[in-house]
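> This is the content of my_file37.cif (mmCIF, C-alpha atoms):
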data_start
#
loop_
_atom_site.group_PDB
_atom_site.id
_atom_site.type_symbol
_atom_site.label_atom_id
_atom_site.label_comp_id
_atom_site.auth_asym_id
_atom_site.auth_seq_id
_atom_site.Cartn_x
_atom_site.Cartn_y
_atom_site.Cartn_z
ATOM 1 C CA MET A 718 -19.394 10.162 22.992
ATOM 2 C CA THR A 719 -21.182 12.490 20.596
ATOM 3 C CA TRP A 720 -19.364 13.179 17.340
ATOM 4 C CA PRO A 721 -20.227 16.358 15.374
ATOM 5 C CA PHE A 722 -19.284 14.549 12.154
ATOM 6 C CA GLN A 723 -19.998 11.105 10.789
ATOM 7 C CA LYS A 724 -17.496 8.974 12.647
ATOM 8 C CA GLY A 725 -16.508 6.804 9.679
ATOM 9 C CA ILE A 726 -15.095 9.781 7.764
ATOM 10 C CA LEU A 727 -11.960 9.995 9.888
ATOM 11 C CA GLU A 728 -11.704 6.432 11.146
ATOM 12 C CA GLU A 729 -9.097 4.163 9.618
ATOM 13 C CA ILE A 730 -10.073 2.203 6.520
ATOM 14 C CA PRO A 731 -12.006 -0.903 7.612
ATOM 15 C CA SER A 732 -11.282 -4.454 6.508
ATOM 16 C CA HIS A 733 -14.467 -4.538 4.430
ATOM 17 C CA GLY A 734 -16.836 -2.074 2.843
ATOM 18 C CA ARG A 735 -19.750 -1.787 0.462
ATOM 19 C CA ALA A 736 -20.394 1.343 -1.592
ATOM 20 C CA VAL A 737 -23.933 1.902 -2.836
ATOM 21 C CA GLU A 738 -25.145 4.782 -5.012
ATOM 22 C CA LEU A 739 -28.869 5.347 -5.392
ATOM 23 C CA GLU A 740 -31.243 7.466 -7.432
ATOM 24 C CA ALA A 741 -34.525 8.954 -6.304
ATOM 25 C CA ILE A 742 -37.639 7.118 -7.520
ATOM 26 C CA PRO A 743 -40.050 9.482 -9.287
ATOM 27 C CA GLY A 744 -43.015 10.042 -7.014
ATOM 28 C CA GLY A 745 -41.275 8.501 -4.010
ATOM 29 C CA ASP A 746 -41.781 10.036 -0.576
ATOM 30 C CA VAL A 747 -38.260 11.393 -0.253
ATOM 31 C CA VAL A 748 -39.080 13.597 2.734
ATOM 32 C CA SER A 749 -40.405 10.713 4.825
ATOM 33 C CA VAL A 750 -37.478 8.479 3.941
ATOM 34 C CA LEU A 751 -34.893 11.135 4.765
ATOM 35 C CA GLY A 752 -36.714 11.731 8.023
ATOM 36 C CA ALA A 753 -36.272 8.062 8.849
ATOM 37 C CA LEU A 754 -32.555 8.355 8.114
ATOM 38 C CA LYS A 755 -32.110 10.933 10.858
ATOM 39 C CA ASN A 756 -31.816 8.204 13.496
ATOM 40 C CA LEU A 757 -29.355 6.084 11.535
ATOM 41 C CA PRO A 758 -26.695 4.669 13.920
ATOM 42 C CA GLY A 759 -23.730 7.001 14.233
ATOM 43 C CA ASP A 760 -21.271 4.315 15.304
ATOM 44 C CA GLY A 761 -19.175 4.356 12.138
ATOM 45 C CA ARG A 762 -20.918 1.515 10.330
ATOM 46 C CA PHE A 763 -22.148 3.960 7.692
ATOM 47 C CA VAL A 764 -21.121 7.168 6.015
ATOM 48 C CA ILE A 765 -24.057 8.756 4.203
ATOM 49 C CA GLY A 766 -23.928 11.395 1.475
ATOM 50 C CA LEU A 767 -26.704 13.393 -0.202
ATOM 51 C CA GLY A 768 -26.395 14.435 -3.830
ATOM 52 C CA PRO A 769 -26.980 17.931 -5.240
ATOM 53 C CA GLY A 770 -30.003 16.903 -7.310
ATOM 54 C CA LEU A 771 -31.687 15.415 -4.267
ATOM 55 C CA ILE A 772 -31.182 18.564 -2.213
ATOM 56 C CA ARG A 773 -32.220 20.791 -5.101
ATOM 57 C CA GLY A 774 -35.418 18.726 -5.425
ATOM 58 C CA LEU A 775 -36.227 19.651 -1.819
ATOM 59 C CA ASN A 776 -35.888 23.343 -2.763
ATOM 60 C CA ARG A 777 -32.863 23.577 -0.510
ATOM 61 C CA ALA A 778 -29.197 24.328 -1.071
ATOM 62 C CA VAL A 779 -25.931 23.425 0.619
ATOM 63 C CA PRO A 780 -23.276 26.034 -0.157
ATOM 64 C CA GLY A 781 -20.419 24.450 -2.099
ATOM 65 C CA LEU A 782 -22.263 21.309 -3.181
ATOM 66 C CA ARG A 783 -22.371 20.754 -6.931
ATOM 67 C CA PRO A 784 -22.598 17.813 -9.342
ATOM 68 C CA PHE A 785 -19.496 15.905 -10.321
ATOM 69 C CA SER A 786 -17.780 17.589 -13.272
ATOM 70 C CA ALA A 787 -16.955 15.393 -16.264
ATOM 71 C CA MET A 788 -13.561 16.229 -17.776
ATOM 72 C CA THR A 789 -11.818 15.448 -21.045
ATOM 73 C CA GLY A 790 -8.097 15.938 -21.487
ATOM 74 C CA PRO A 791 -5.480 14.782 -24.007
ATOM 75 C CA GLY A 792 -6.498 11.183 -24.696
ATOM 76 C CA VAL A 793 -8.415 10.738 -21.436
ATOM 77 C CA THR A 794 -12.020 11.082 -20.299
ATOM 78 C CA VAL A 795 -13.359 11.310 -16.764
ATOM 79 C CA PRO A 796 -17.104 10.554 -16.694
ATOM 80 C CA ALA A 797 -19.781 11.997 -14.437
ATOM 81 C CA THR A 798 -22.438 9.568 -13.178
ATOM 82 C CA GLN A 799 -23.952 11.709 -10.445
ATOM 83 C CA ALA A 800 -26.269 9.879 -8.037
ATOM 84 C CA ASP A 801 -28.705 11.183 -5.416
ATOM 85 C CA LEU A 802 -27.719 9.207 -2.341
ATOM 86 C CA TRP A 803 -24.544 7.403 -1.253
ATOM 87 C CA CYS A 804 -23.972 4.843 1.451
ATOM 88 C CA TRP A 805 -20.532 3.581 2.426
ATOM 89 C CA GLY A 806 -21.044 0.544 4.637
ATOM 90 C CA ARG A 807 -17.980 -0.219 6.771
ATOM 91 C CA GLY A 808 -16.898 -3.040 9.057
ATOM 92 C CA GLU A 809 -14.492 -5.804 9.948
ATOM 93 C CA ASP A 810 -16.736 -8.663 8.843
ATOM 94 C CA PRO A 811 -18.105 -8.879 5.266
ATOM 95 C CA GLY A 812 -21.309 -10.543 6.446
ATOM 96 C CA HIS A 813 -22.058 -7.740 8.875
ATOM 97 C CA VAL A 814 -21.363 -5.151 6.187
ATOM 98 C CA LEU A 815 -23.705 -6.957 3.797
ATOM 99 C CA HIS A 816 -26.548 -7.122 6.295
ATOM 100 C CA ASP A 817 -26.033 -3.537 7.450
ATOM 101 C CA THR A 818 -26.281 -2.250 3.884
ATOM 102 C CA ARG A 819 -29.294 -4.503 3.215
ATOM 103 C CA ALA A 820 -30.972 -2.893 6.208
ATOM 104 C CA PHE A 821 -30.083 0.548 4.840
ATOM 105 C CA LEU A 822 -31.572 -0.294 1.439
ATOM 106 C CA ALA A 823 -34.761 -1.519 3.087
ATOM 107 C CA ARG A 824 -34.973 1.713 5.051
ATOM 108 C CA VAL A 825 -34.745 3.917 1.948
ATOM 109 C CA GLY A 826 -36.422 1.605 -0.586
ATOM 110 C CA ALA A 827 -39.702 3.549 -0.686
ATOM 111 C CA ALA A 828 -37.960 6.515 -2.320
ATOM 112 C CA PHE A 829 -34.575 5.352 -3.672
ATOM 113 C CA ARG A 830 -33.281 2.505 -5.813
ATOM 114 C CA PRO A 831 -29.642 1.433 -6.148
ATOM 115 C CA VAL A 832 -27.883 2.114 -9.435
ATOM 116 C CA ARG A 833 -24.432 0.869 -8.388
ATOM 117 C CA ALA A 834 -23.245 -1.334 -5.544
ATOM 118 C CA ILE A 835 -19.788 -2.787 -5.082
ATOM 119 C CA ASP A 836 -17.963 -4.655 -2.341
ATOM 120 C CA LEU A 837 -14.683 -3.182 -1.116
ATOM 121 C CA PHE A 838 -11.816 -4.493 0.943
ATOM 122 C CA LYS A 839 -8.564 -3.468 2.573
ATOM 123 C CA TYR A 840 -5.473 -4.907 0.876
ATOM 124 C CA ASP A 841 -2.575 -5.618 3.221
ATOM 125 C CA ARG A 842 -1.777 -2.459 5.233
ATOM 126 C CA GLY A 843 -3.783 -0.202 2.924
ATOM 127 C CA LEU A 844 -2.345 -0.755 -0.527
ATOM 128 C CA ASP A 845 -3.729 -0.282 -3.994
ATOM 129 C CA LEU A 846 -3.912 -3.559 -5.941
ATOM 130 C CA THR A 847 -0.718 -2.515 -7.742
ATOM 131 C CA GLY A 848 1.078 -3.007 -4.435
ATOM 132 C CA TYR A 849 1.719 0.700 -3.849
ATOM 133 C CA GLU A 850 0.552 2.447 -0.686
ATOM 134 C CA ASP A 851 -2.549 4.577 -1.132
ATOM 135 C CA GLY A 852 -2.918 7.922 0.647
ATOM 136 C CA THR A 853 0.675 8.311 1.847
ATOM 137 C CA GLU A 854 0.330 12.095 2.099
ATOM 138 C CA ASN A 855 -3.013 12.019 3.905
ATOM 139 C CA PRO A 856 -3.358 14.675 6.616
ATOM 140 C CA LYS A 857 -3.315 13.160 10.101
ATOM 141 C CA ASP A 858 -5.182 13.774 13.377
ATOM 142 C CA ASP A 859 -6.190 17.440 13.800
ATOM 143 C CA ASP A 860 -4.996 18.244 10.273
ATOM 144 C CA ALA A 861 -7.292 15.541 8.912
ATOM 145 C CA ARG A 862 -10.236 16.959 10.806
ATOM 146 C CA SER A 863 -9.584 20.523 9.633
ATOM 147 C CA THR A 864 -9.142 19.275 6.054
ATOM 148 C CA ALA A 865 -12.268 17.133 5.885
ATOM 149 C CA ILE A 866 -14.774 18.678 8.294
ATOM 150 C CA LEU A 867 -16.544 22.032 8.015
ATOM 151 C CA SER A 868 -16.402 24.412 10.976
ATOM 152 C CA GLY A 869 -17.415 28.013 11.511
ATOM 153 C CA CYS A 870 -20.209 27.730 8.945
ATOM 154 C CA GLY A 871 -23.136 27.653 11.359
ATOM 155 C CA PRO A 872 -25.572 25.090 12.782
ATOM 156 C CA GLY A 873 -26.475 22.261 10.423
ATOM 157 C CA LEU A 874 -23.281 22.754 8.405
ATOM 158 C CA ASP A 875 -20.557 22.529 11.037
ATOM 159 C CA GLY A 876 -19.455 18.912 11.238
ATOM 160 C CA SER A 877 -20.447 18.120 7.675
ATOM 161 C CA SER A 878 -18.140 17.187 4.819
ATOM 162 C CA PHE A 879 -18.043 16.863 1.060
ATOM 163 C CA VAL A 880 -16.981 13.642 -0.632
ATOM 164 C CA ALA A 881 -15.947 12.776 -4.190
ATOM 165 C CA VAL A 882 -16.363 9.136 -5.223
ATOM 166 C CA GLN A 883 -14.981 7.420 -8.335
ATOM 167 C CA GLN A 884 -14.725 3.773 -9.290
ATOM 168 C CA TRP A 885 -11.494 3.160 -11.212
ATOM 169 C CA ARG A 886 -10.922 -0.076 -13.140
ATOM 170 C CA SER A 887 -7.296 -1.139 -13.562
ATOM 171 C CA ASP A 888 -5.659 -3.357 -16.147
ATOM 172 C CA LEU A 889 -3.432 -5.125 -13.655
ATOM 173 C CA THR A 890 -2.016 -7.484 -16.294
ATOM 174 C CA ARG A 891 -0.848 -4.502 -18.314
ATOM 175 C CA PHE A 892 0.647 -2.830 -15.244
ATOM 176 C CA GLU A 893 2.479 -6.018 -14.291
ATOM 177 C CA SER A 894 3.969 -6.201 -17.797
ATOM 178 C CA PHE A 895 5.859 -2.952 -17.141
ATOM 179 C CA SER A 896 9.345 -3.021 -15.669
ATOM 180 C CA ARG A 897 9.628 -2.201 -11.970
ATOM 181 C CA ASP A 898 11.377 1.042 -12.879
ATOM 182 C CA ARG A 899 8.491 2.059 -15.137
ATOM 183 C CA GLN A 900 5.960 1.123 -12.465
ATOM 184 C CA ASP A 901 7.786 3.230 -9.888
ATOM 185 C CA HIS A 902 7.932 6.187 -12.266
ATOM 186 C CA ILE A 903 4.206 5.945 -13.030
ATOM 187 C CA ILE A 904 3.438 6.265 -9.332
ATOM 188 C CA GLY A 905 6.384 8.495 -8.437
ATOM 189 C CA ARG A 906 7.405 6.343 -5.463
ATOM 190 C CA ARG A 907 9.474 3.207 -5.054
ATOM 191 C CA ARG A 908 7.252 0.296 -4.135
ATOM 192 C CA ASP A 909 9.917 -1.311 -1.948
ATOM 193 C CA ASP A 910 10.266 1.565 0.538
ATOM 194 C CA ASN A 911 7.491 4.022 -0.493
ATOM 195 C CA GLU A 912 10.063 6.793 -0.899
ATOM 196 C CA GLU A 913 9.259 9.543 -3.383
ATOM 197 C CA ILE A 914 11.452 9.594 -6.520
ATOM 198 C CA GLY A 915 12.880 13.076 -6.910
ATOM 199 C CA ASP A 916 13.640 12.784 -10.623
ATOM 200 C CA ALA A 917 10.385 11.058 -11.573
ATOM 201 C CA PRO A 918 8.738 12.498 -14.709
ATOM 202 C CA GLN A 919 6.193 15.283 -14.395
ATOM 203 C CA SER A 920 3.512 12.766 -15.383
ATOM 204 C CA ALA A 921 4.126 10.686 -12.215
ATOM 205 C CA HIS A 922 0.983 10.479 -10.115
ATOM 206 C CA VAL A 923 2.720 11.817 -7.006
ATOM 207 C CA LYS A 924 3.806 14.928 -8.881
ATOM 208 C CA ARG A 925 0.442 15.410 -10.578
ATOM 209 C CA THR A 926 -1.374 15.379 -7.235
ATOM 210 C CA ALA A 927 1.147 16.891 -4.791
ATOM 211 C CA GLN A 928 -1.381 18.635 -2.579
ATOM 212 C CA GLU A 929 0.940 21.430 -1.449
ATOM 213 C CA SER A 930 1.858 22.341 -5.042
ATOM 214 C CA PHE A 931 -1.520 23.896 -5.825
ATOM 215 C CA ASP A 932 -2.511 27.512 -5.204
ATOM 216 C CA PRO A 933 -4.459 27.378 -2.998
ATOM 217 C CA THR A 934 -3.279 24.048 -1.617
ATOM 218 C CA ALA A 935 -5.467 21.057 -2.491
ATOM 219 C CA PHE A 936 -5.527 18.803 0.562
ATOM 220 C CA VAL A 937 -8.110 16.027 0.877
ATOM 221 C CA VAL A 938 -8.514 13.042 3.203
ATOM 222 C CA ARG A 939 -8.452 9.854 1.132
ATOM 223 C CA ARG A 940 -10.289 6.752 2.276
ATOM 224 C CA SER A 941 -10.040 4.722 -0.940
ATOM 225 C CA MET A 942 -10.527 0.935 -0.980
ATOM 226 C CA PRO A 943 -9.843 -1.736 -3.629
ATOM 227 C CA TRP A 944 -12.575 -3.757 -5.321
ATOM 228 C CA ALA A 945 -12.609 -6.916 -7.436
ATOM 229 C CA ASN A 946 -15.398 -8.915 -9.070
ATOM 230 C CA GLU A 947 -16.251 -10.677 -12.323
ATOM 231 C CA SER A 948 -16.064 -7.374 -14.252
ATOM 232 C CA GLY A 949 -12.500 -6.578 -13.228
ATOM 233 C CA ALA A 950 -10.644 -4.947 -10.358
ATOM 234 C CA GLY A 951 -9.434 -1.550 -9.284
ATOM 235 C CA LEU A 952 -9.845 1.192 -6.693
ATOM 236 C CA MET A 953 -12.899 2.933 -5.292
ATOM 237 C CA PHE A 954 -11.528 6.442 -4.836
ATOM 238 C CA ILE A 955 -13.119 8.179 -1.842
ATOM 239 C CA ALA A 956 -11.907 11.656 -0.852
ATOM 240 C CA PHE A 957 -13.374 13.921 1.835
ATOM 241 C CA GLY A 958 -12.868 17.654 2.126
ATOM 242 C CA ARG A 959 -14.250 20.926 3.459
ATOM 243 C CA SER A 960 -14.787 21.813 -0.185
ATOM 244 C CA LEU A 961 -14.901 20.055 -3.542
ATOM 245 C CA ASP A 962 -12.383 22.547 -4.926
ATOM 246 C CA PRO A 963 -9.219 20.604 -3.955
ATOM 247 C CA PHE A 964 -10.485 17.398 -5.554
ATOM 248 C CA GLU A 965 -11.449 19.177 -8.762
ATOM 249 C CA ALA A 966 -8.081 20.963 -8.901
ATOM 250 C CA GLN A 967 -6.250 17.643 -8.627
ATOM 251 C CA LEU A 968 -8.442 16.014 -11.251
ATOM 252 C CA ARG A 969 -7.959 18.894 -13.687
ATOM 253 C CA ARG A 970 -4.208 18.497 -13.417
ATOM 254 C CA MET A 971 -4.420 14.703 -13.717
ATOM 255 C CA THR A 972 -6.379 15.008 -16.960
ATOM 256 C CA GLY A 973 -3.917 17.496 -18.419
ATOM 257 C CA LEU A 974 -6.305 20.445 -18.417
ATOM 258 C CA GLU A 975 -3.833 22.544 -16.458
ATOM 259 C CA ASP A 976 -0.638 22.029 -18.453
ATOM 260 C CA GLY A 977 -1.275 19.369 -21.112
ATOM 261 C CA ILE A 978 0.476 16.592 -19.142
ATOM 262 C CA THR A 979 -1.807 13.680 -18.256
ATOM 263 C CA ASP A 980 -1.275 11.576 -15.172
ATOM 264 C CA ALA A 981 0.704 8.401 -15.881
ATOM 265 C CA LEU A 982 -1.990 6.425 -14.028
ATOM 266 C CA PHE A 983 -4.039 6.582 -17.219
ATOM 267 C CA GLN A 984 -1.537 4.180 -18.785
ATOM 268 C CA PHE A 985 -3.274 1.320 -16.984
ATOM 269 C CA THR A 986 -6.389 2.534 -15.157
ATOM 270 C CA ARG A 987 -9.493 4.578 -16.028
ATOM 271 C CA PRO A 988 -12.460 5.927 -14.032
ATOM 272 C CA LEU A 989 -15.868 4.378 -14.660
ATOM 273 C CA THR A 990 -17.987 6.625 -12.427
ATOM 274 C CA GLY A 991 -17.975 9.988 -10.690
ATOM 275 C CA SER A 992 -20.280 11.479 -8.047
ATOM 276 C CA CYS A 993 -20.102 14.175 -5.373
ATOM 277 C CA PHE A 994 -22.097 14.266 -2.145
ATOM 278 C CA TRP A 995 -22.626 16.271 1.025
ATOM 279 C CA CYS A 996 -22.202 14.223 4.198
ATOM 280 C CA PRO A 997 -24.403 15.798 6.904
ATOM 281 C CA PRO A 998 -23.184 16.302 10.463
ATOM 282 C CA VAL A 999 -24.569 14.313 13.373
ATOM 283 C CA ASP A 1000 -26.198 15.177 16.677
ATOM 284 C CA LYS A 1001 -27.103 13.045 19.678
ATOM 285 C CA ASP A 1002 -29.897 11.316 17.742
ATOM 286 C CA GLY A 1003 -28.143 10.621 14.426
ATOM 287 C CA LEU A 1004 -27.850 12.550 11.174
ATOM 288 C CA ASP A 1005 -28.470 16.270 11.525
ATOM 289 C CA LEU A 1006 -30.509 17.314 8.479
ATOM 290 C CA SER A 1007 -31.491 20.722 9.796
ATOM 291 C CA ALA A 1008 -29.504 22.437 7.018
ATOM 292 C CA ILE A 1009 -32.016 21.085 4.511
ATOM 293 C CA GLY A 1010 -35.054 21.901 6.658
ATOM 294 C CA MET A 1011 -35.558 18.514 8.312
#
Translate this file's structure into structure tokens.

Amino acid sequence: MTWPFQKGILEEIPSHGRAVELEAIPGGDVVSVLGALKNLPGDGRFVIGLGPGLIRGLNRAVPGLRPFSAMTGPGVTVPATQADLWCWGRGEDPGHVLHDTRAFLARVGAAFRPVRAIDLFKYDRGLDLTGYEDGTENPKDDDARSTAILSGCGPGLDGSSFVAVQQWRSDLTRFESFSRDRQDHIIGRRRDDNEEIGDAPQSAHVKRTAQESFDPTAFVVRRSMPWANESGAGLMFIAFGRSLDPFEAQLRRMTGLEDGITDALFQFTRPLTGSCFWCPPVDKDGLDLSAIGM
């Protein structure tokens, strides 16, 4: 079956993943390397994103693609660490994911070098490491496709998507020191039954990011996965959309730039990175890069 979009965007979160961000090597043959990426397997093992600087360097443009916006609100900072190329390796076996991403790095190594790479995993049924469910309000089925995938934009753009990626590091010891009631009110849901708390404070994460409460609405398809290594642990936030506008609207409200109220998540977790990418559509051969002249 031929998919007009990269299959992994709308598939369920895999058991294992590896997220790699890369920068272009000065003088590298970017055109040849991107040409070689056109026949990358479209079976869901990878989701690939191209950064705005990379596309600008090719003297091309993708409408709506822009660098990640750093933000500073009351007592909080959201950094921008924009990269040129992103690979999300996905699979059910960590060894396969490792070797698949090694093969990807070998394929692009003549023009790109990794600046960040981190192993990801699925926790239980899809929980954050705090034990709370991640992405409860995700659009489903056709709604997910219409939220995440471009259509009606023309050849080379239809089937593509935008993605925002952030690595968040959590102080789990601090979070666990809070009472269960405080934990629930930080998230805005009860951990035991995942029910939303109607009288939660306005700083509760659920209230800060209620997608239908924005004008226009700010729906995204979240595919976030936890991470843990010697440097700490947290969540790799991954959100796909037809536009970057919904993500930026949510982040502005989280940082207090909209109304001065910062998201309660900042009481125990902070973002370390931030990048935005355009995920090209696919055709019968692999990635369709015709929108950038390839």
> How many Å separate atom CA of A:Ile866 from atom CA of A:Leu961?
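Answer for the atom CA of A:Ile866 to atom CA of A:Leu961 separation: 11.9 Å.
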> Distance atom CA of A:Val795-atom CA of A:Gly852, one decimal place?
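These atoms are spaced 20.6 Å apart.
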> Edge lengths and centre in Å to one decimal, as JSON, of the axis-aligned box that encloses all listed atoms of stretch 924-933 of chain A with 8 Å added on every side?

{"center_x": -0.3, "center_y": 21.2, "center_z": -6.0, "size_x": 24.3, "size_y": 28.6, "size_z": 25.1}
> Since I can't run it myself right now, could you work out what the PyMOL selection byres ((chain A and resi 735) around 7) selects here and report it as an MDAnalysis selection string?
chainID A and resid 734 736:737 805:807 814 834:837
> For A:Ala945, which of A:Glu850, A:Asp875, A:Asp860, A:Asp845 is the closest residue, counting all atoms listed in the file?
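Ranking A:Glu850, A:Asp875, A:Asp860, A:Asp845 by distance to A:Ala945, first place goes to A:Asp845.
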> Excluding A:Leu771 and any residue of its chain fewer than 4 positions from it, enumerate the residues within 9 Å of it, using only C-alpha atoms, and give them as a PyMOL selection string.
chain A and resi 740-741+747+767+775+800-802
